[in-house]
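Enquirer: Take this structure first; my questions come after.
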Amino acid sequence: MAPAHSNGIAVDSIHATGNPDTPVEVVTDLLAQALEAKDSEAIKDLVKQAHDVMAGLDPYLEAVSSKPSQACSELIHRSLTHDWTQAFKQQKTQFHQKKECCAGALEGSFLKSLIRLTSAKTVLEVGMFTGTSTLAMAEALPEDGKVYALEIEPYLQQFAQPAFEAAGLAERIEVVLGPAEESIKELARRGVRFDVAFLDADKGGYLAYYKKLMDLQLINPGGIIVVDNSLMKGRVYAPGRMADELADAIREFNQFVIRDQRVEVVALPFRDGVNIVQRKRVAGDVVNTGLHNNLLLQRLKLTNKVALVTGAGQGIGRAFAHALGEAGASVAVVDVNKDKAAEVAGELADKGIRAVAVYADVTQKADCKRMVETVVQQLGGLHIGVNNAGINKNAAAEDTTEADWDLTFDINTKGVFLCCQEEGKHMLAQGYGKIINTASMATLLVPHPQKQIAYNASKAAVVKITQTLGAEWADRGLNVNCISPGIVNTALIQESKDLQPLVGEWLTQIPAGRLAEVTDLQAAIVYLASDASNYMVGHNLVIDGGQSIW
Ligand SMILES: C[S@@+](CC[C@H](N)C(=O)[O-])C[C@H]1O[C@@H](n2cnc3c(N)ncnc32)[C@H](O)[C@@H]1O
């Protein structure tokens, strides 16, 4: 069904089926029939049917979409019930603001989804009004994210700010007062760049805002510009008889964007029309386009990969399991403690990560073999093996018992080797695999004042196992590397009466001035598990706050 007005933009509808297929097409069809009908009752009936389809649309969309937060609902309510005419008469606002300016709950939820979909951290809202969308977007951001909300009316900042504070999100929102074009230039001068920009201020200004965002490279790669009111009540394609500056401005804007060779745009008939504009991928060599057309961060994705992590019931292993799962892998949480493994597998499943708990004592060859078989059977393969299970029995060299020495080497060294061996057999057969062993900063220095000879020696062997396997298997599709964390602030330290008093002294040995958190190690495991590290062979990646170089 060809649109009635294309307004100079070439339109080649792929939906010219002739059969009404969407609510808009159904209504168009009903009204077309009404236009042809002679009988007034028939006309009334057709118009009523058309009315019901349209009148029910937004309420239905709201009913089947997630509800806004309490804070957003309250702010929307305040925005819709505020006396804007009175505020204008009392010269609190420069312009006669209207409650209709508030984009509302559904659009707020839409923006919230876009923020999450793009993993946005920095957002620009051009035209804040009472901040309802601002708040919704801030809710979707990580704690260190920020919405820069541009607004010309100081009164609106006073209106919105208490709601931002009550919601505990004031830190994530910076209201920038003044004409938007100036504010954009000021933010550009400050070096701020955006993952998502939402254009929703004066329509005559859209083109200038868009040009600034594009020409000054203010949108990060992969980022989007979301344009509100891109249909201007339908008047952009079905003009009324009166002069219409707003529709003219949007029409000119839409035409500029569709002709802009730098971008791709999709126009959605959502609310008053929302366009999503994104920079095109460039052509060129692999550095330009990214390897296999992947942006760098995409190369870290572990989609369709299966990982196992030993010692994943707590501490570093648990953090590794989460990191690999977040990057897209299915994860086998392996531990000698079944309950802890099940607990972590449950945490992953709650996040939507495909996970299973697997029991294995890594000192037992049969267990390591069964572990790999179980993972392959339950998760459909094995591509990433993280051999992390380990212990540390602190004792002076002269007091170290043979039993403790053997146990430490059984778990930390033989266990790592047995896991590598079983994982390696499967991976060599498939010609692909990533093995990452947990070594330690203790492979580079002698940690002190605590005494831990068995641990130090066992971990030094892990580095040599890693180097040897890395070299042996490098040309058969496998990468074997290890990570050497510094002193990590885990329950093992927090709950140890012997180790807790040493923290102060350790801090004097660490240039970073703090212990490592398990989260400090998570990006490294994803990097080593991904194809971004394909040329990394037998490497010992040290993450120790600088302790080993001091
Ligand atoms: C449609 S409302 C914004 C609605 C809001 N984004 C929402 O989602 O609820 C437009 C806002 O843009 C502001 N505005 C208009 N012209 C502006 C300009 N030149 N610079 C900054 N803000 C402007 C208005 O004061 C008004 O609050």
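Simple scheme: letters A, B, ... for chains in structure tokens order, numbers from 1 for residues in each chain, numbers from 1 for ligands in the order shown.
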Give me, as number ranges by chain, all polymer residues having an atom no more than 7 Å from segment 507-517 of chain A, counting only C-alpha atoms and skipping those fewer than 5 positions away in the same chain.

Expert: A: 486-489, 544-547

Enquirer: For Asp29 of chain A, find every residue with an atom within 12 Å (counting only C-alpha atoms), except residues of its own chain fewer than 3 positions away, and show them as a PDB file with C-alpha atoms, in the first residue's frame.

Expert:
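See selection.pdb below for the written result:
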ATOM      1  CA  MET A   1       0.000   0.000   0.000  1.00  0.00           C
ATOM      2  CA  GLY A  18      -3.041  -4.900  -0.618  1.00  0.00           C
ATOM      3  CA  ASN A  19      -4.075  -6.812   2.505  1.00  0.00           C
ATOM      4  CA  PRO A  20      -4.298  -4.730   5.670  1.00  0.00           C
ATOM      5  CA  ASP A  21      -1.664  -6.188   7.936  1.00  0.00           C
ATOM      6  CA  THR A  22      -1.020  -3.652  10.699  1.00  0.00           C
ATOM      7  CA  PRO A  23      -3.298  -1.478  12.851  1.00  0.00           C
ATOM      8  CA  VAL A  24      -2.482   1.516  10.621  1.00  0.00           C
ATOM      9  CA  GLU A  25      -3.294  -0.442   7.468  1.00  0.00           C
ATOM     10  CA  VAL A  26      -6.483  -1.805   9.018  1.00  0.00           C
ATOM     11  CA  ALA A  32     -11.159   3.939   2.686  1.00  0.00           C
ATOM     12  CA  GLN A  33     -14.282   1.764   2.809  1.00  0.00           C
ATOM     13  CA  ALA A  34     -16.082   4.502   4.755  1.00  0.00           C
ATOM     14  CA  LEU A  35     -15.173   7.033   2.088  1.00  0.00           C
ATOM     15  CA  GLU A  36     -16.734   4.787  -0.545  1.00  0.00           C
ATOM     16  CA  LEU A  46     -16.670   1.580   9.676  1.00  0.00           C
ATOM     17  CA  VAL A  47     -15.507   4.792  11.370  1.00  0.00           C
ATOM     18  CA  GLN A  49     -14.218   0.203  13.962  1.00  0.00           C
ATOM     19  CA  ALA A  50     -11.361   2.440  12.834  1.00  0.00           C
ATOM     20  CA  VAL A  53      -8.417   0.163  16.624  1.00  0.00           C
TER      21      VAL A  53
END

Enquirer: Pick out the residues sitting within 10 Å of Ala471 of chain A, and hand them over as a list in words; count only C-alpha atoms, and ignore anything fewer than 6 positions along from it in its own chain.

Expert: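 Result of the neighbour search: Ile465, Leu478, Asn479, Val480, Val537 and Gly538 of chain A.
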
Enquirer: Please extract the residues at most 6 Å from ligand 1, counting only C-alpha atoms and all ligand atoms, and provide them as a ChimeraX atom specification, using the chain letters and residue numbers of this document.

Expert: /A:101-103,127-129,131-133,150-153,178-180,200-202

Enquirer: Could the residues in this selection be saved with C-alpha atoms as a short mmCIF file (atom, residue, chain, number, x, y, z; two decimals), in the first residue's frame?

Expert:
data_model
loop_
_atom_site.label_atom_id
_atom_site.label_comp_id
_atom_site.auth_asym_id
_atom_site.auth_seq_id
_atom_site.Cartn_x
_atom_site.Cartn_y
_atom_site.Cartn_z
CA CYS A 101 5.45 17.90 26.28
CA CYS A 102 5.92 15.00 28.70
CA ALA A 103 6.85 12.00 26.56
CA GLY A 127 14.98 19.16 25.79
CA MET A 128 14.34 17.74 29.26
CA PHE A 129 10.98 19.26 30.23
CA GLY A 131 12.70 15.02 33.46
CA THR A 132 10.48 11.95 33.23
CA SER A 133 12.43 10.43 30.33
CA LEU A 150 19.69 20.12 28.22
CA GLU A 151 16.93 22.54 29.12
CA ILE A 152 16.34 26.21 28.49
CA GLU A 153 13.91 26.75 31.38
CA GLY A 178 20.66 27.29 28.37
CA PRO A 179 19.96 27.14 24.64
CA ALA A 180 20.68 23.57 23.56
CA ASP A 200 13.30 16.34 21.84
CA ALA A 201 13.58 20.14 22.14
CA ASP A 202 12.42 22.87 19.73
#

Enquirer: Could you give me, as a ChimeraX atom specification, the residues within 6 Å of Ala357 of chain A, counting only C-alpha atoms and dropping anything in the same chain fewer than 5 positions from it?

Expert: /A:332-334,341-342,345

Enquirer: Give me the residues near Ala120 of chain A as a ChimeraX atom specification, where near means some atom within 8 Å (using only C-alpha atoms) and where sequence neighbours in that chain fewer than 4 positions away do not count.

Expert: /A:115-116,141,145,195-196,223

Enquirer: Next, the residues of the selection above should be written as a tab-separated table (two decimals), in the first residue's frame with C-alpha atoms.

Expert:
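Final file, result.tsv:
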chain	number	residue	atom	x	y	z
A	115	ILE	CA	19.97	2.47	26.80
A	116	ARG	CA	20.27	-1.15	27.88
A	141	LEU	CA	22.43	3.43	33.19
A	145	GLY	CA	26.80	6.51	33.70
A	195	ASP	CA	26.27	6.64	23.29
A	196	VAL	CA	22.67	7.75	22.94
A	223	GLY	CA	25.93	4.97	19.31

Enquirer: Leaving out Asp260 of chain A and any residue of its chain fewer than 4 positions from it, which residues lie within 12 Å of it when counting only C-alpha atoms, given as a PyMOL selection string?

Expert: chain A and resi 207+210-211+214-215+253-256+264-265+277-280

Enquirer: Grab the atom CA of Leu31 of chain A to atom CA of Asn229 of chain A distance for me, in Å with one decimal place.

Expert: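 These atoms are spaced 24.3 Å apart.
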
Enquirer: Measuring atom to atom with only C-alpha atoms, identify which of A:Val542, A:Glu171, A:Trp84, A:Phe164 is nearest to His96 of chain A.

Expert: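 Checking each of A:Val542, A:Glu171, A:Trp84, A:Phe164 against His96 of chain A, counting only C-alpha atoms, the winner is A:Trp84.
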